[in-house]
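A.B. asks: As input, take run.txt (compact mmCIF, C-alpha atoms):
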# COMPACT_ATOMS: atom_id res chain seq x y z
CA MET A 806 -44.00 22.11 -45.35
CA ASN A 807 -40.21 21.89 -45.70
CA LYS A 808 -38.38 23.45 -42.77
CA LEU A 809 -34.89 23.16 -44.25
CA ALA A 810 -33.34 25.00 -47.19
CA PHE A 811 -30.01 24.01 -48.75
CA VAL A 812 -28.56 27.17 -50.28
CA ILE A 813 -25.68 26.50 -52.68
CA PRO A 814 -23.49 29.42 -53.83
CA TYR A 815 -22.22 27.85 -57.04
CA TYR A 816 -18.98 28.63 -58.90
CA LYS A 817 -16.86 25.46 -59.26
CA ILE A 818 -18.21 22.61 -61.38
CA ASP A 819 -15.52 20.05 -60.41
CA PHE A 820 -17.50 18.30 -57.65
CA PHE A 821 -20.90 19.92 -58.07
CA GLU A 822 -22.62 16.78 -59.31
CA GLU A 823 -21.43 14.88 -56.24
CA THR A 824 -23.04 17.56 -54.08
CA LEU A 825 -26.39 17.25 -55.87
CA LYS A 826 -26.18 13.46 -55.79
CA SER A 827 -25.70 13.57 -52.02
CA LEU A 828 -28.91 15.58 -51.76
CA GLU A 829 -30.80 13.24 -54.07
CA GLU A 830 -29.76 10.33 -51.85
CA GLN A 831 -31.13 11.85 -48.64
CA THR A 832 -33.36 9.44 -46.73
CA ASN A 833 -35.67 12.34 -45.84
CA LYS A 834 -36.69 14.50 -48.80
CA ASN A 835 -38.33 17.31 -46.81
CA PHE A 836 -36.01 20.08 -47.94
CA THR A 837 -35.66 22.59 -50.76
CA VAL A 838 -32.59 23.46 -52.83
CA TYR A 839 -31.53 26.87 -54.11
CA VAL A 840 -28.52 27.35 -56.38
CA GLY A 841 -27.08 30.77 -57.14
CA ASN A 842 -24.58 30.76 -60.03
CA ASP A 843 -21.90 33.38 -59.30
CA ASN A 844 -21.40 34.11 -63.02
CA SER A 845 -19.29 30.96 -63.33
CA PRO A 846 -17.56 30.16 -66.65
CA ASN A 847 -18.79 26.59 -66.18
CA ASP A 848 -22.52 26.23 -66.85
CA PRO A 849 -24.01 23.57 -64.50
CA PHE A 850 -27.46 23.56 -66.14
CA ASP A 851 -27.15 20.04 -67.60
CA ILE A 852 -26.19 18.70 -64.18
CA ILE A 853 -29.10 20.49 -62.54
CA GLU A 854 -31.47 19.07 -65.16
CA LYS A 855 -30.16 15.60 -64.36
CA TYR A 856 -31.29 16.04 -60.75
CA SER A 857 -34.70 17.49 -61.55
CA SER A 858 -36.27 15.38 -58.79
CA LEU A 859 -34.79 17.87 -56.32
CA ASN A 860 -36.97 20.65 -57.78
CA ILE A 861 -34.07 23.10 -57.66
CA THR A 862 -34.57 26.85 -57.81
CA TYR A 863 -31.70 28.05 -59.99
CA LYS A 864 -30.55 31.56 -60.81
CA VAL A 865 -27.59 32.84 -62.82
CA PHE A 866 -26.28 36.14 -61.50
CA GLU A 867 -25.00 38.60 -64.09
CA THR A 868 -21.93 39.59 -62.07
CA ASN A 869 -19.34 37.63 -60.14
CA LEU A 870 -19.50 38.70 -56.52
CA GLY A 871 -17.78 35.90 -54.61
CA ALA A 872 -14.28 36.92 -55.65
CA ILE A 873 -14.62 40.28 -53.88
CA ASP A 874 -17.51 39.77 -51.46
CA LEU A 875 -18.22 36.15 -50.59
CA GLU A 876 -20.67 37.17 -47.87
CA GLY A 877 -22.56 39.17 -50.49
CA GLN A 878 -22.79 36.07 -52.68
CA TRP A 879 -24.09 34.06 -49.73
CA ILE A 880 -26.68 36.73 -48.99
CA ARG A 881 -28.07 36.94 -52.51
CA CYS A 882 -28.27 33.14 -52.63
CA ILE A 883 -30.14 33.08 -49.32
CA ASN A 884 -32.48 35.68 -50.81
CA LEU A 885 -33.49 33.09 -53.41
CA SER A 886 -34.98 30.97 -50.64
CA LYS A 887 -38.52 31.34 -49.37
CA ASP A 888 -39.81 30.82 -45.85
CA GLU A 889 -37.99 27.68 -44.71
CA GLU A 890 -37.28 28.04 -41.00
CA TRP A 891 -33.73 26.66 -41.20
CA ILE A 892 -30.89 27.31 -43.66
CA CYS A 893 -27.75 25.37 -44.54
CA ILE A 894 -25.27 27.14 -46.83
CA LEU A 895 -23.80 24.19 -48.69
CA GLY A 896 -20.48 24.45 -50.54
CA ASP A 897 -20.62 23.46 -54.21
CA ASP A 898 -18.17 20.64 -53.45
CA ASP A 899 -19.42 19.47 -50.04
CA CYS A 900 -21.69 16.49 -49.42
CA PRO A 901 -24.06 15.80 -46.51
CA LYS A 902 -24.33 12.15 -45.49
CA LYS A 903 -27.50 10.31 -46.52
CA ASN A 904 -29.15 10.71 -43.12
CA PHE A 905 -28.32 14.41 -42.75
CA VAL A 906 -31.87 15.69 -43.22
CA GLU A 907 -33.40 12.75 -41.35
CA GLU A 908 -31.27 13.39 -38.27
CA PHE A 909 -31.98 17.12 -38.47
CA TYR A 910 -35.71 16.51 -38.17
CA LYS A 911 -35.22 14.02 -35.32
CA ILE A 912 -33.54 16.57 -33.04
CA LEU A 913 -35.67 19.54 -34.09
CA PRO A 914 -38.19 19.23 -31.19
CA VAL A 915 -35.36 19.42 -28.63
CA VAL A 916 -33.72 22.33 -30.44
CA ASP A 917 -37.02 24.22 -30.56
CA GLU A 918 -37.75 23.52 -26.91
CA LYS A 919 -34.38 24.97 -25.86
CA ASN A 920 -34.60 27.92 -28.31
CA ILE A 921 -31.33 26.96 -29.99
CA ASN A 922 -30.57 28.83 -33.21
CA VAL A 923 -27.50 26.97 -34.50
CA ILE A 924 -26.97 23.25 -35.13
CA LYS A 925 -23.43 22.05 -35.83
CA THR A 926 -23.07 18.60 -37.38
CA ALA A 927 -20.03 16.37 -37.25
CA ILE A 928 -17.49 16.90 -40.05
CA THR A 929 -15.87 14.33 -42.30
CA SER A 930 -12.99 15.70 -44.37
CA ILE A 931 -12.69 14.32 -47.91
CA ASP A 932 -10.11 14.86 -50.66
CA SER A 933 -10.47 15.44 -54.40
CA ASN A 934 -11.17 11.73 -54.86
CA SER A 935 -13.87 11.77 -52.17
CA LYS A 936 -11.64 9.68 -49.93
CA LEU A 937 -11.65 10.23 -46.18
CA ARG A 938 -8.77 12.33 -44.89
CA GLY A 939 -9.10 11.42 -41.20
CA ALA A 940 -11.46 10.69 -38.34
CA ASP A 941 -14.77 12.51 -37.98
CA LEU A 942 -14.69 15.77 -36.06
CA VAL A 943 -17.49 15.63 -33.50
CA HIS A 944 -18.90 18.22 -31.12
CA PRO A 945 -20.37 18.31 -27.61
CA GLU A 946 -24.12 17.75 -27.75
CA TYR A 947 -24.67 21.05 -25.94
CA ASP A 948 -21.97 23.70 -26.02
CA THR A 949 -21.96 27.46 -25.92
CA SER A 950 -20.89 29.30 -29.03
CA ILE A 951 -18.33 31.10 -26.86
CA ASN A 952 -16.73 27.80 -25.87
CA THR A 953 -16.90 26.62 -29.49
CA PHE A 954 -15.01 29.76 -30.50
CA TRP A 955 -12.46 29.16 -27.74
CA ARG A 956 -11.88 25.59 -28.83
CA ASP A 957 -11.50 26.74 -32.44
CA ARG A 958 -8.81 29.27 -31.45
CA ASN A 959 -6.99 26.48 -29.59
CA LYS A 960 -7.20 24.14 -32.61
CA GLN A 961 -9.46 21.74 -30.73
CA THR A 962 -12.20 22.00 -33.35
CA HIS A 963 -12.82 23.47 -36.77
CA THR A 964 -15.46 25.90 -37.98
CA SER A 965 -16.60 26.33 -41.57
CA ILE A 966 -19.96 27.13 -43.13
CA SER A 967 -21.38 23.90 -44.57
CA GLU A 968 -21.68 21.79 -41.42
CA ASN A 969 -23.94 24.34 -39.74
CA ILE A 970 -27.71 24.76 -39.90
CA PHE A 971 -29.02 28.09 -38.62
CA ARG A 972 -32.43 29.53 -37.89
CA ARG A 973 -33.65 32.00 -40.49
CA SER A 974 -35.09 34.40 -37.91
CA SER A 975 -31.68 34.84 -36.23
CA TYR A 976 -30.02 35.44 -39.60
CA GLU A 977 -32.64 38.01 -40.61
CA LYS A 978 -32.23 39.81 -37.30
CA ILE A 979 -28.43 40.08 -37.40
CA GLY A 980 -27.14 39.12 -40.86
CA PHE A 981 -23.39 38.82 -41.48
CA ARG A 982 -20.70 41.16 -40.20
CA GLY A 983 -18.89 41.94 -43.45
CA PHE A 984 -15.59 40.05 -43.25
CA PRO A 985 -13.36 40.16 -46.35
CA LEU A 986 -13.99 37.02 -48.42
CA ALA A 987 -16.03 35.73 -45.45
CA TRP A 988 -12.90 34.77 -43.47
CA GLY A 989 -14.17 34.62 -39.90
CA THR A 990 -17.84 34.96 -40.85
CA PRO A 991 -19.01 31.54 -39.55
CA LEU A 992 -17.08 31.92 -36.27
CA VAL A 993 -18.73 35.21 -35.42
CA ALA A 994 -22.14 34.49 -36.97
CA TRP A 995 -22.74 31.50 -34.72
CA ILE A 996 -21.92 33.60 -31.65
CA ASP A 997 -24.20 36.38 -32.89
CA TYR A 998 -27.08 34.07 -33.75
CA SER A 999 -26.90 32.22 -30.43
CA GLU A 1000 -26.12 35.43 -28.47
CA GLY A 1001 -23.19 33.57 -26.97
CA GLY A 1002 -25.52 30.77 -25.86
CA LEU A 1003 -26.13 27.16 -26.79
CA ILE A 1004 -25.23 25.38 -30.01
CA TYR A 1005 -26.51 21.85 -30.60
CA GLY A 1006 -23.89 19.30 -31.67
CA LEU A 1007 -25.44 16.77 -34.05
CA ASN A 1008 -23.05 13.82 -34.26
CA SER A 1009 -25.38 11.14 -35.64
CA THR A 1010 -24.71 12.44 -39.14
CA GLN A 1011 -21.83 14.18 -40.92
CA MET A 1012 -21.13 16.86 -43.46
CA SER A 1013 -18.36 15.78 -45.83
CA VAL A 1014 -16.29 18.93 -46.30
CA ARG A 1015 -14.01 18.95 -49.31
CA SER A 1016 -10.32 19.73 -48.88
CA SER A 1017 -8.81 19.56 -52.34
CA GLU A 1018 -6.04 21.24 -54.29
CA ILE A 1019 -8.58 23.78 -55.55
CA ASN A 1020 -9.52 24.85 -52.03
CA LEU A 1021 -5.93 24.98 -50.83
CA SER A 1022 -4.78 27.13 -53.75
CA ARG A 1023 -7.62 29.55 -53.06
CA VAL A 1024 -6.57 29.88 -49.43
CA ASP A 1025 -3.00 30.70 -50.44
CA SER A 1026 -4.14 33.20 -53.07
CA PHE A 1027 -6.10 35.29 -50.58
CA LYS A 1028 -3.81 35.07 -47.58
CA ASP A 1029 -3.73 38.83 -46.95
CA GLN A 1030 -7.51 39.13 -46.90
CA LYS A 1031 -7.68 36.16 -44.56
CA GLN A 1032 -5.45 37.88 -42.03
CA VAL A 1033 -7.54 41.05 -42.16
CA GLY A 1034 -10.51 38.82 -41.40
CA GLU A 1035 -8.61 37.21 -38.53
CA ALA A 1036 -7.95 40.64 -37.02
CA MET A 1037 -11.60 41.59 -37.42
CA VAL A 1038 -12.67 38.45 -35.54
CA TYR A 1039 -10.71 39.51 -32.47
CA GLU A 1040 -11.98 43.07 -32.77
CA VAL A 1041 -15.58 41.83 -32.67
CA ILE A 1042 -14.83 39.55 -29.72
CA PHE A 1043 -13.20 42.31 -27.67
CA SER A 1044 -15.86 44.85 -28.62
CA ASP A 1045 -19.00 42.76 -28.14
CA TYR A 1046 -18.21 39.58 -26.21
CA HIS A 1047 -15.18 40.27 -24.00
CA ASP A 1048 -17.30 39.80 -20.85
CA LYS A 1049 -17.91 36.16 -21.83
CA PHE A 1050 -14.26 35.21 -21.32
CA SER A 1051 -11.99 34.98 -18.28
CA ASP A 1052 -8.95 37.28 -17.94
CA SER A 1053 -6.60 34.41 -18.83
CA GLN A 1054 -8.62 33.70 -21.97
CA ARG A 1055 -8.65 37.39 -22.89
CA LEU A 1056 -4.88 37.52 -22.45
CA PHE A 1057 -4.52 34.53 -24.79
CA LEU A 1058 -6.77 36.20 -27.38
CA ILE A 1059 -5.00 39.56 -27.18
CA LYS A 1060 -1.71 37.75 -27.83
CA LYS A 1061 -3.27 36.23 -30.95
CA TYR A 1062 -4.58 39.61 -32.09
CA HIS A 1063 -1.23 41.28 -31.38
CA ALA A 1064 0.60 38.72 -33.50
CA VAL A 1065 -1.79 39.13 -36.44
CA LEU A 1066 -1.38 42.92 -36.33
CA HIS A 1067 2.42 42.65 -36.29
CA TYR A 1068 2.97 40.03 -38.95
CA TYR A 1069 0.56 41.60 -41.42
CA GLN A 1070 1.30 45.23 -40.52
CA LEU A 1071 -2.28 46.03 -39.57
CA LYS A 1072 -3.42 48.80 -37.24
CA ASN A 1073 -5.08 48.19 -33.89
CA LYS A 1074 -8.76 49.15 -34.17
CA LEU A 1075 -9.68 48.57 -30.53
CA PRO A 1076 -10.38 51.60 -28.28
CA SER A 1077 -7.47 50.67 -25.98
CA SER A 1078 -3.82 50.18 -26.87
CA ILE A 1079 -2.41 46.66 -27.00
CA PHE A 1080 -0.07 47.51 -24.12
CA THR A 1081 -3.03 48.63 -21.98
CA LEU A 1082 -4.93 45.43 -22.71
CA TYR A 1083 -1.92 43.29 -21.79
CA GLY A 1084 -1.89 45.06 -18.43
CA LYS A 1085 -5.66 44.80 -17.97
CA TYR A 1086 -5.77 41.04 -18.54
CA GLY A 1087 -2.26 39.96 -17.54
CA GLY A 1088 -1.04 42.59 -15.08
CA ILE A 1089 2.64 43.51 -14.91
CA GLN A 1090 3.62 40.09 -16.25
CA GLY A 1091 1.40 40.65 -19.27
CA GLN A 1092 2.97 44.04 -20.00
CA PHE A 1093 6.46 42.58 -19.54
CA PHE A 1094 5.56 39.90 -22.10
CA TYR A 1095 4.45 42.67 -24.48
CA ILE A 1096 7.75 44.53 -24.10
CA LEU A 1097 9.84 41.40 -24.65
CA ARG A 1098 7.78 40.45 -27.69
CA GLU A 1099 8.15 43.90 -29.25
CA LEU A 1100 11.91 43.87 -28.63
CA LYS A 1101 12.20 40.42 -30.20
CA TRP A 1102 10.28 41.55 -33.26
CA LYS A 1103 12.37 44.70 -33.55
CA PHE A 1104 15.72 42.96 -33.51
CA THR A 1105 14.84 39.66 -35.18
CA LYS A 1106 14.43 39.52 -38.92
Would you mind writing the file out in structure tokens?
C.D. replies:
Amino acid sequence: MNKLAFVIPYYKIDFFEETLKSLEEQTNKNFTVYVGNDNSPNDPFDIIEKYSSLNITYKVFETNLGAIDLEGQWIRCINLSKDEEWICILGDDDCPKKNFVEEFYKILPVVDEKNINVIKTAITSIDSNSKLRGADLVHPEYDTSINTFWRDRNKQTHTSISENIFRRSSYEKIGFRGFPLAWGTPLVAWIDYSEGGLIYGLNSTQMSVRSSEINLSRVDSFKDQKQVGEAMVYEVIFSDYHDKFSDSQRLFLIKKYHAVLHYYQLKNKLPSSIFTLYGKYGGIQGQFFYILRELKWKFTK
């Protein structure tokens, strides 16, 4: 029985065949593929037919959901899948290396023994010509999701959706939080699914994550929604996981949250005021920093 499902929320045809080809070339074929067409203007049926050996389950949705609710599109694509124990949401332009599935099965006994619910593979960034854009991004073999989040906020690592494999039971228990356009969803989901505990870093294979002009233009187009998502990330952290961080880390995170609120004119949704939290985590010095920052923002255009 296949334990791994690749779930592909499809919309862009530009690199879709490369994605399917990377699955066809897997050295271990014990996986299933599910493609959910988000009412795309570009019909991929001929490409899917070309890769019939993958035995793809394909569904065309009558409405486009990803433009307003990307998490919702992910969810209805996951709902196409059956009872595979593990899920990888694969971008329609991303490509797992040939040994991706093989290496997944190799480490599965250890992951099961330690009750780990999230596996994070190394990342290779590729451009629109499928050329490498830099060195692989690797991860500690064992790391907590809290520390992974901390390293992400300090630009020491990167978190997206495609390089992660997560246990179906943890997804079904918790689901996704409801971030606009799924900005922040992977960051918080991996903490939720692991309950702040261990993530396994699988560095013997890589997920090639596409960074092309198409992706970059999309990021710029939805900048406002992204910042709302950024604010929501910190709100979840302070509401549900604040006890996992030290006071100095909390002070760093409240500074990040404060800046997002100011620059994008968002309202604080935490129970305490920002000034109170500066004092709680940084004492008088923290509150003095808050006052100076507010004065600078007031008088600097």
A.B. asks: Closest to Ile880 (chain A) among A:Lys1060, A:Lys855, A:Arg982, A:Lys903, using only C-alpha atoms?
C.D. replies: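 Ranking A:Lys1060, A:Lys855, A:Arg982, A:Lys903 by distance to Ile880 (chain A), first place goes to A:Arg982.
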A.B. asks: Any idea what's packed within 10 Å of region 952-966 of chain A, counting all atoms listed in the file, ignoring anything in its chain fewer than 4 positions away? Could you give it as a ChimeraX atom specification?
C.D. replies: /A:893-896,925,928,942-945,948,970,987-996,1001-1004,1014,1042,1049-1050,1054,1057-1058,1061
A.B. asks: Check the smallest atom-to-atom distance from each of A:Glu968, A:Glu822, A:Glu977, A:Glu907 to Ile852 (chain A) using only C-alpha atoms, then report the winner.
C.D. replies: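 Looking only at the distances to Ile852 (chain A), the closest residue turns out to be A:Glu822.
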A.B. asks: In Å, rounded to a single decimal, give me how far CA of Val1065 (chain A) is from CA of Ser1051 (chain A).
C.D. replies: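 Calculated distance between CA of Ser1051 (chain A) and CA of Val1065 (chain A) is 21.2 Å.
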A.B. asks: With distances taken over only C-alpha atoms, which of A:Arg1015, A:Lys1074, A:His1047, A:Lys978 is nearest to Asn934 (chain A)?
C.D. replies: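 The closest residue to Asn934 (chain A) is A:Arg1015.
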A.B. asks: Select all residues near (-31.3, 30.1, -37.7) (cut-off 8 Å, inclusive, file coordinates), counting only C-alpha atoms, and output them as a ChimeraX atom specification.
C.D. replies: /A:890-892,922-923,970-976,998
A.B. asks: Could you give me, as a short mmCIF file (atom, residue, chain, number, x, y, z; two decimals) with C-alpha atoms, in the coordinates of the input, the residues that sit within 8 Å of (-34.8, 19.1, -48.5) in the file's coordinates, counting only C-alpha atoms?
C.D. replies:
data_model
loop_
_atom_site.label_atom_id
_atom_site.label_comp_id
_atom_site.auth_asym_id
_atom_site.auth_seq_id
_atom_site.Cartn_x
_atom_site.Cartn_y
_atom_site.Cartn_z
CA ASN A 807 -40.21 21.89 -45.70
CA LEU A 809 -34.89 23.16 -44.25
CA ALA A 810 -33.34 25.00 -47.19
CA PHE A 811 -30.01 24.01 -48.75
CA LEU A 828 -28.91 15.58 -51.76
CA ASN A 833 -35.67 12.34 -45.84
CA LYS A 834 -36.69 14.50 -48.80
CA ASN A 835 -38.33 17.31 -46.81
CA PHE A 836 -36.01 20.08 -47.94
CA THR A 837 -35.66 22.59 -50.76
CA VAL A 838 -32.59 23.46 -52.83
CA LEU A 859 -34.79 17.87 -56.32
CA VAL A 906 -31.87 15.69 -43.22
#
A.B. asks: Identify which of the residues A:Tyr947, A:Ile921, A:Ile931, A:Asn1073 lies closest to Ser999 (chain A), counting all atoms listed in the file when measuring atom-to-atom distances.
C.D. replies: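 Closest to Ser999 (chain A) of all the choices is A:Ile921.
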A.B. asks: What's the 10 Å shell around Ser1009 (chain A), counting all atoms listed in the file, without same-chain residues fewer than 6 positions away, as a PyMOL selection string?
C.D. replies: chain A and resi 902+904-905+907-909+926-927+943
A.B. asks: Keeping C-alpha atoms for every residue in the selection just given, could you write it to a file as a CSV table (one decimal), keeping the file's coordinate frame?
C.D. replies:
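Result file is part.csv:
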chain,number,residue,atom,x,y,z
A,902,LYS,CA,-24.3,12.2,-45.5
A,904,ASN,CA,-29.2,10.7,-43.1
A,905,PHE,CA,-28.3,14.4,-42.8
A,907,GLU,CA,-33.4,12.8,-41.4
A,908,GLU,CA,-31.3,13.4,-38.3
A,909,PHE,CA,-32.0,17.1,-38.5
A,926,THR,CA,-23.1,18.6,-37.4
A,927,ALA,CA,-20.0,16.4,-37.2
A,943,VAL,CA,-17.5,15.6,-33.5
A.B. asks: If we count all atoms listed in the file and set the cut-off at 9 Å, which residues sit around Phe1043 (chain A), ignoring sequence neighbours fewer than 6 positions away in its own chain? Please answer as a list of chain:residue names.
C.D. replies: A:Arg1055, A:Leu1058, A:Ile1059, A:Leu1075
A.B. asks: Any idea what the distance is between CA of Thr824 (chain A) and CA of Asn869 (chain A)?
C.D. replies: 21.3 Å
A.B. asks: For Ala1036 (chain A), list every protein, DNA or RNA residue within 8 Å, evaluated using all atoms listed in the file, and leave out those in the same chain fewer than 4 positions away; present the list as JSON, numbers by chain.
C.D. replies: {"A": [1032, 1040, 1062, 1065, 1066]}
A.B. asks: Name the closest residue to Ser933 (chain A) among the candidates A:Thr1105, A:Tyr1095, A:Asp819, A:Tyr856; distances are taken between atoms, counting all atoms listed in the file.
C.D. replies: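 The answer is A:Asp819, which sits nearest to Ser933 (chain A).
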A.B. asks: For Glu1099 (chain A), please output as a list in words all residues within 12 Å (counting only C-alpha atoms; exclusion window: fewer than 2 positions along the same chain).
C.D. replies: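 Contacts, with the query itself left out: Lys1060, His1063, Ala1064, Leu1066, His1067, Tyr1068, Ile1079, Phe1080, Gln1092, Phe1093, Phe1094, Tyr1095, Ile1096, Leu1097, Lys1101, Trp1102, Lys1103, Phe1104 and Thr1105 of chain A.
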A.B. asks: Return the single residue from A:Val812, A:Ile979, A:Ile853, A:Leu825 that is closest to Asn884 (chain A), with distances computed using only C-alpha atoms.
C.D. replies: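 Nearest to Asn884 (chain A): A:Val812.
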A.B. asks: Can you tell me how far CA of Glu1035 (chain A) sits from CA of Phe866 (chain A), in Å to one decimal?
C.D. replies: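 Here the two named atoms are 29.0 Å from each other.
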